[in-house]
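Below is one structure; the comments refer to it alone.
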Amino acid sequence: MNWRKIFKPSAKLSIFTLVIGGAVFGAVAFYAGQTTLHATSTDEFCMTCHSNHSLQDEVLASAHGDNESGIVVNCRDCHLPREPFAYLQKKIAVSPDLWRFVTTPGFNTQEHLEEHRLEWAELTHDYLRSIDSSTCQACHARVYDDPPPENMSRMAVGMHTMNKNRDEAERETCIDCHKGVAHPYPEA
Ligand code: HEC
Ligand code: HEC
Ligand code: HEC
Ligand code: HEC
């Protein structure tokens with residue numbers, strides 16, 4: 001067997017074969033990626049590392065788990081963006097968590113969560129600000145409707161209208177006003 005032969009662009013492999021081969025490889029890689037990303041976006045997946053943290057119970061006790069519509073909002077609905085590119089970016093950004101999980105003694109304890117809650121809440125707010133709370137807006141799409149939804153409280157209509165009429169640079173994003181909508185927000 002001559003190794004050099006393998007790496008030499010072969011005349012026998014026509015361009016056609018290379019293109020088809022590339023397309024098949026691409027499709028397989030894409031599918032595998034999709035499946036992995038999907039499996040890494042369920043509540044169960046989040047709770048594999050956070051299993052001793054009260055996070056899921058907190059959601060169930062909040063308006064996002066205990067409401068008249070009977071809807072339980074999933075972790076990913078708030079924490080992961082929906083747009084495929086932003087989603088991939090976030091996934092890559094959080095992959096060091098696997099390393100931290102393995103190397104942080106006592107990570108998966110309630111004490112560790114309480115100790116870091118404020119710091120993590122701020123990281124989460126920074127992230128949500130960076131995407132203009134797009135995950136919140138995906139469900140609450142009518143907040144800035146004109147006229148406002150008829151069942152929205154007057155206080156809410158007043159604040160949302162005021163915010164909408166601000167210059168873009170001054171405008172606040174959902175979580176600037178709505179902290180602790182799923183977990184108890186730690187007052188500093
Ligand atoms: C591989 C283990 C692991 C999995 C799975 C995991 N996390 Fe985490 N998570 C961590 C670790 C470790 C930290 C602490 C990171 C640090 O010290 O900054 C963390 C921190 C966080 C924070 C705090 C803010 C931040 O950005 O660091 C949030 C929010 C969070 N996780 C949400 C989630 C959600 C939602 C899921 C499911 C999509 C999830 N986690 C799945 C290990 C994990
Ligand atoms: C998957 C859809 C979904 C997502 C994502 C979502 N919400 Fe909600 N939200 C709901 C539902 C359902 C309710 C309960 C409505 C009811 O009371 O019937 C609710 C209720 C609320 C309320 C009123 C109750 C309260 O706690 O004061 C606020 C405020 C709110 N959401 C803000 C947010 C913010 C901020 C985000 C992003 C961090 C967000 N929501 C993400 C579906 C969602
Ligand atoms: C300038 C502050 C401010 C901003 C920004 C803001 N809100 Fe509100 N929102 C309020 C206030 C104040 C209320 C009324 C009190 C409450 O329910 O918390 C309210 C109420 C709500 C409610 C309950 C409405 C009802 O009465 O049925 C939802 C849902 C909500 N906001 C979602 C959002 C979402 C999603 C965003 C981002 C698109 C957002 N808000 C941006 C201040 C704000
Ligand atoms: C309705 C939206 C929403 C849902 C659902 C949600 N979170 Fe959060 N999460 C937030 C917001 C907003 C923060 C930032 C802190 C705050 O405002 O309370 C946060 C903060 C966190 C933090 C940092 C610690 C803290 O309390 O601030 C972790 C870890 C976390 N979430 C994990 C999860 C996991 C795991 C799930 C699913 C079991 C989940 N979240 C479901 C919106 C949500």
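Naming scheme: A, B, ... for chains in displayed order of the structure tokens; residues 1 onward per chain; ligands 1 onward as shown.
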
Give the residues close to ligand 4, within 9 Å, counting only C-alpha atoms and all ligand atoms; write them as a compact mmCIF listing (two decimals) with C-alpha atoms, in the first residue's frame.
```txt
# COMPACT_ATOMS: atom_id res chain seq x y z
CA THR A 42 -34.22 19.36 27.69
CA ASP A 43 -34.95 20.18 31.33
CA GLU A 44 -33.63 16.71 32.21
CA PHE A 45 -30.34 17.56 30.58
CA CYS A 46 -30.02 20.83 32.52
CA MET A 47 -30.87 19.03 35.72
CA CYS A 49 -25.61 18.80 36.51
CA HIS A 50 -27.97 20.97 38.57
CA SER A 51 -29.83 17.99 40.10
CA HIS A 53 -30.27 22.69 42.98
CA SER A 54 -33.83 23.86 43.66
CA LEU A 55 -34.03 25.48 40.20
CA GLN A 56 -36.79 23.29 38.77
CA ASP A 57 -38.95 23.54 41.91
CA GLU A 58 -38.53 27.31 41.79
CA VAL A 59 -39.88 27.42 38.24
CA LEU A 60 -42.81 25.18 39.20
CA SER A 62 -43.43 30.66 39.93
CA ALA A 63 -45.90 32.16 37.45
CA HIS A 64 -43.96 30.26 34.78
CA GLY A 65 -44.85 26.87 36.23
CA VAL A 72 -44.83 24.97 32.39
CA VAL A 73 -42.06 26.95 30.75
CA ASN A 74 -38.89 24.94 30.10
CA CYS A 75 -35.37 26.02 31.02
CA ARG A 76 -34.33 26.41 27.39
CA ASP A 77 -37.33 28.63 26.54
CA CYS A 78 -35.81 31.40 28.66
CA HIS A 79 -32.13 30.52 28.70
CA LEU A 113 -26.14 27.62 44.35
CA GLU A 114 -27.07 30.03 47.17
CA HIS A 116 -23.28 31.97 43.74
CA ARG A 117 -26.84 32.95 43.03
CA LEU A 118 -26.27 36.69 42.78
CA GLU A 119 -23.18 36.30 40.59
CA TRP A 120 -24.97 33.82 38.30
CA ALA A 121 -28.12 35.95 38.19
CA GLU A 122 -25.99 38.83 36.94
CA LEU A 123 -24.33 36.67 34.29
CA THR A 124 -27.77 35.57 33.17
CA HIS A 125 -29.05 39.14 33.03
CA ASP A 126 -25.99 40.23 31.04
CA LEU A 128 -30.38 38.26 28.27
CA SER A 133 -34.50 39.36 26.10
CA THR A 135 -36.42 34.52 24.57
CA CYS A 136 -38.98 36.40 26.72
CA ILE A 175 -35.30 41.69 32.50
CA ASP A 176 -34.25 45.23 33.49
CA HIS A 178 -38.69 41.88 35.46
CA LYS A 179 -36.17 40.15 37.67
CA GLY A 180 -36.94 36.92 39.46
CA VAL A 181 -39.73 35.77 37.15
CA ALA A 182 -38.73 32.11 37.56
CA HIS A 183 -36.31 31.95 40.51
CA PRO A 184 -36.14 33.98 43.72
CA TYR A 185 -34.05 36.99 42.76
CA PRO A 186 -31.36 37.58 45.40
```

6 Å shell around ligand 3 using only C-alpha atoms and all ligand atoms, listed as a list of chain:residue names: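 Within the 6 Å cut-off, the matching residues are A:Cys136, A:Gln137, A:His140, A:Val143, A:Met152, A:Ser153, A:Met155, A:Ala156, A:Met159, A:His160, A:Asn163, A:Glu172, A:Thr173, A:Cys174, A:Cys177.
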
Close residues, Asp146 in chain A itself excluded, 10 Å, only C-alpha atoms, min 3 positions apart in chain, as number ranges by chain: A: 142-143, 149, 157, 161

Pick from A:Ala61, A:Lys90, A:Arg154, A:Glu187 nearest to Ser130 in chain A, counting only C-alpha atoms: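 Answer, going by the shortest atom-to-atom distance: A:Lys90.
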